[in-house]
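Participant: Just passing along the structure, written as structure tokens.
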Amino acid sequence: MEFFIQQLINGITLGGVYALIALGYTMVYGIIQLINFAHGEFFAAGGYMGVILISYLSAQGLHPYACLAISLVLAMGYCALLAMAVEQLAYKPLRQASRLAALLSALGMSIFLQNGLMLTQGVYDKAYPTEITSGGLSWGLVSVSYMQMFIVALTAGLLLGLNLLVFKTRIGRAMRATAQDKVMSALVGINSNRIIAITFAIGAALAAAAGIMVGLYYGSVNYSMGFVPGIKAFAAAVLGGIGNITGALVGGLIIGMVEVFAAGYVSGEYKDVFAFVILIAVLYFKPTGIMGENVDDTRV
Amino acid sequence: MTIRGSKKLWTGCAVGLVWFLILLWPMLGIKPEGFEFAATFQVFGYVAVAAVFVLFFYQVKEAGYLDAAGKPIQSAAGLIQRAYAKTPTWVLLGATLAVAIVFPLVTGRYAHDVAISVLIYICLGLGLNVVVGLAGLLDLGYIAFYGVGAYTYALLSLNFGFSFWLCLPIAGLLAAIAGCIIGYPTLRMRGDYLAIVTLGFGEIVRLILNNWMALTNGPNGILGIPRPELFGFDFRSLASLYYVILAIAVVTVLSVYRLNYSRIGRAWEAIREDETAAELMGVNTFLLKLLAYAMGATFAGFAGAFFAARMRFVGPESFSFLESAMVLSMVVLGGMGSIPGVILGVLALVALPEVFREFELYRMLVFGGVMTLMMLVRPAGIWPAKRVGRRSEEME
């Protein structure tokens with residue numbers, strides 16, 4: 001039983017991280033119907049930015065939590081800028097082109113960014129200063145580290161903020177309008193290019209936060225760390241219903257749980273396979289996902 | 001070019017460069033000990049100079065100052081093109097084949113090695129070309145079939161002593177079956193979902209190869225795979241292996257060519273251009289897409305069996321996603337759907353990096369960049385296929 005509860009807690013932590021990455025996929029897909037392959041790289045860049053900034057700031061003698069907070073904000077801003085640059089460069093000119101062209105361009109960007117990270121940061125894992133969030137609570141065999149609490153709290157906070165942004169502000173309304181109908185929203189005075197850029201920026205900022213969390217959670221970052229979590233987060237987005245923000249959260253939690261329980265009870269070596277199997281099963285049996293909307297089957 | 005256009009161009013360039021600096025510096029410049037600028041400005045300097053140079057060249061060309069130099073080049077190109085159009089195809093093909101046959105006789109071991117990997121990638125590229133170029137299905141797990149072929153030969157020859165020539169068709173067949181298994185559940189999906197699902201499948205295959213210790217010996221791979229042998233002739237030297245893969249490549253080229261101009265090839269192209277319209281015209285789209293998958297996988301299976309025989313070792317890391325991406329960028333660079341294009345693309349991305357060995361590290365960076373750049377500048381590739389229509393959705 002303790003093992004079960006422990007796995008549940010781990011699953012929620014991991015699921016929250018996947019949900020944050022999945023949001024970027026789902027928002028971008030919702031607005032321009034493109035799978036942003038480079039999204040995993042925003043996540044990895046966020047993780048690296050985190051380790052760079054935290055080690056710099058803590059060398060300046062700042063309080064660990066202040067370090068973490070400042071690094072988080074800066075890394076999110078950095079990835080937002082990165083995403084806007086990528087969007088402007090690689091996706092915007094292809095808005096009218098065929099889907100294959102846009103997908104290939106996104107894939108090219110992903111490979112480019114991944115190798116850019118490798119060249120600037122090196123091939124080896126970079127260790128996170130984990131002493132920042134050491135310690136935790138424990139009840140018998142069940143233990144929750146402060147870091148896990150921090151991850152869950154931050155995820156919840158970011159999701160709440162995103163929800164407010166999308167459903168309560170003008171920008172959010174413009175985003176929803178653009179997602180529904182680009183031409184019509186342009187007619188009522190929404191600059192759809194700007195909205196798309198903002199969507200990319202928000203998605204990447206969330207991914208950057210997830211990157212820092214994963215870095216803290218596993219204790220290190222690697223230039224290729226964006227690849228597998230990227231696919232899993234995409235699976236989460238599809239599972240929840242692509243284009244749906246709540247769906248991304250639900251999907252992320254389910255994928256996180258499945259992965260943790262599969263690793264705990266079935267096989268650790270094949271834990272990555274389960275997310276892919278879920279992805280394929282969902283696409284086969286219920287392509288609209290759990291909370292599906294925004295699926296337009298006439299598109300090829 | 002108008003002054004306004006030129007202004008816009010240069011402002012765009014300046015904004016882009018500033019943006020690049022902002023993105024580059026934190027990655028290179030922030031160290032725990034403090035800020036550092038030298039490395040960043042060095043990289044930034046190279047990029048900035050290159051960007052300004054390219055832009056300057058572009059503007060001069062647009063303004064027509066280069067016509068004096070461009071005209072003779074253009075007329076020369078025209079001459080070559082006309083000569084090319086006049087020469088019968090069989091002469092060109094014969095000449096190419098003759099060069100390919102004579103090649104190992106006049107070159108050394110290193111050149112043989114490069115040529116063999118070029119030919120392997122030609123097989124892979126052409127196989128992927130069937131899936132991506134002809135049928136228009138983006139397959140990101142293509143290398144899995146290559147892995148299936150390689151492990152098929154490795155396991156059958158080591159465990160049962162099957163010969164290479166017997167294993168070759170078996171590898172192709174098993175790869176085709178794998179293609180059907182992967183294709184059957186995925187091909188009903190929309191195009192972009194297909195891409196990510198094939199990516200997932202490719203990863204699953206790699207994970208299985210990596211973790212199924214009893215069968216594949218896991219991450220250690222399989223050692224000591226026998227070389228091909230024919231009527232007592234042992235293909236010991238690289239040159240003789242070169243002829244084996246040359247034969248496989250020629251068969252691949254011929255089959256892809258015949259497929260392209262057959263009823264099936266036309267149906268694939270119809271599916272690529274507009275699936276709904278193709279279905280209305282009576283094309284069985286599902287079956288044909290599955291066939292495209294299986295055919296593409298077969299060629300990868302052949303190439304994989306040869307790869308295992310040539311390296312005499314297979315390990316799961318040869319079949320990672322990056323390999324798929326490499327083959328894909330070759331197809332995209334050369335021209336999707338075009339056989340000479342794919343061959344050119346392979347030559348450009350396999351043979352050229354051998355020449356610039358010191359830039360080995362930048363190889364994948366360039367591959368990714370090339371893929372995006374080609375989509376932006378020349379989506380049809382270096383040597384575009386003859387029959388490519390405008391996709392219906394482009395006119396949205």
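In the structure tokens, chains take letters A, B, ... by order of appearance, with residues numbered from 1 within each chain and ligands from 1 in the order shown.
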List every residue of segment 32-270 of chain B that DSSP, applied to the backbone, labels as strand (DSSP E), and write the result as an MDAnalysis selection string.
Facilitator: chainID B and resid 34:35 222:223 229:230 233:234
Participant: So that I can check the surroundings of Ile151 of chain A, please list as a list in words every protein, DNA and RNA residue that reaches within 10 Å of it, counting only C-alpha atoms and ignoring chain neighbours fewer than 2 positions away.
Facilitator: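 Residues meeting the cut-off are Ile12, Thr13, Leu14, Gly16, Val17, Ser145, Tyr146, Met147, Gln148, Met149, Ala153, Leu154, Thr155, Ala156, Gly157, Ala209, Ala210, Ile212, Met213, Val214, Leu216 and Tyr217 of chain A.
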Participant: Could you name the residues that touch segment 41-48 of chain B at 12 Å or less, counting only C-alpha atoms, but leaving out those on the same chain fewer than 6 positions away, as a ChimeraX atom specification?
Facilitator: /A:116,119-120 /B:13-29,54-56
Participant: Excluding same-chain residues fewer than 5 positions from segment 32-39 of chain B, what lies within 7 Å of it counting only C-alpha atoms, as a PDB file with N, CA and C atoms, in the first residue's frame?
Facilitator:
ATOM      1  N   SER A  55      23.284  28.007 -11.182  1.00  0.00           N
ATOM      2  CA  SER A  55      24.667  27.938 -10.687  1.00  0.00           C
ATOM      3  C   SER A  55      25.297  29.318 -10.631  1.00  0.00           C
ATOM      4  N   TYR A  56      24.948  30.185 -11.586  1.00  0.00           N
ATOM      5  CA  TYR A  56      25.511  31.542 -11.523  1.00  0.00           C
ATOM      6  C   TYR A  56      25.006  32.275 -10.288  1.00  0.00           C
ATOM      7  N   ALA A  59      26.270  31.054  -7.001  1.00  0.00           N
ATOM      8  CA  ALA A  59      27.667  31.444  -6.788  1.00  0.00           C
ATOM      9  C   ALA A  59      27.745  32.891  -6.303  1.00  0.00           C
TER      10      ALA A  59
END
Participant: Report as a tab-separated table the residues of chain B within 8 Å of chain A, each with its shortest atom pair and distance in Å (one decimal), using only C-alpha atoms, ordered by chain and increasing residue number.
Facilitator:
residue	atom	partner	partner_atom	distance
B:Trp19	CA	A:Ala85	CA	7.5
B:Leu23	CA	A:Leu82	CA	6.6
B:Pro26	CA	A:Met49	CA	7.6
B:Met27	CA	A:Thr120	CA	6.5
B:Leu28	CA	A:Thr120	CA	6.2
B:Ile30	CA	A:Ile52	CA	6.6
B:Lys31	CA	A:Tyr56	CA	6.0
B:Pro32	CA	A:Tyr56	CA	3.9
B:Glu33	CA	A:Tyr56	CA	6.9
B:Gly34	CA	A:Tyr56	CA	6.9
B:Gly136	CA	A:Leu100	CA	7.7
B:Leu138	CA	A:Leu100	CA	7.1
B:Pro185	CA	A:Tyr284	CA	6.4
B:Thr186	CA	A:Tyr284	CA	7.1
B:Arg188	CA	A:Tyr284	CA	7.9
B:Met189	CA	A:Leu283	CA	7.3
B:Arg190	CA	A:Val300	CA	5.2
B:Gly191	CA	A:Val300	CA	5.5
B:Asp192	CA	A:Ile35	CA	7.0
B:Tyr193	CA	A:Leu283	CA	8.0
B:Ile196	CA	A:Ile231	CA	7.4
B:Val197	CA	A:Ile280	CA	6.4
B:Gly200	CA	A:Phe276	CA	5.5
B:Phe201	CA	A:Phe276	CA	7.3
B:Glu203	CA	A:Val273	CA	8.0
B:Ile204	CA	A:Val273	CA	5.8
B:Leu207	CA	A:Tyr270	CA	7.1
B:Ile208	CA	A:Tyr270	CA	7.9
B:Asn211	CA	A:Glu269	CA	6.7
B:Glu275	CA	A:Val300	CA	7.5
B:Leu361	CA	A:Leu119	CA	7.7
B:Tyr362	CA	A:Asn115	CA	7.7
B:Met364	CA	A:Asn115	CA	6.4
B:Leu365	CA	A:Phe112	CA	4.7
B:Val366	CA	A:Phe112	CA	7.2
B:Phe367	CA	A:Gly108	CA	7.4
B:Gly368	CA	A:Gly108	CA	4.0
B:Gly369	CA	A:Phe112	CA	5.6
B:Val370	CA	A:Gly108	CA	7.3
B:Met371	CA	A:Gly108	CA	4.9
B:Thr372	CA	A:Ser105	CA	4.2
B:Leu373	CA	A:Ser105	CA	7.6
B:Met375	CA	A:Ala101	CA	5.8
B:Leu376	CA	A:Pro93	CA	6.9
B:Pro379	CA	A:Ala101	CA	7.0
B:Arg391	CA	A:Ser98	CA	6.8
B:Glu393	CA	A:Ser98	CA	6.6
B:Glu394	CA	A:Ala97	CA	5.5
B:Met395	CA	A:Gln96	CA	7.8
B:Glu396	CA	A:Gln96	CA	7.5
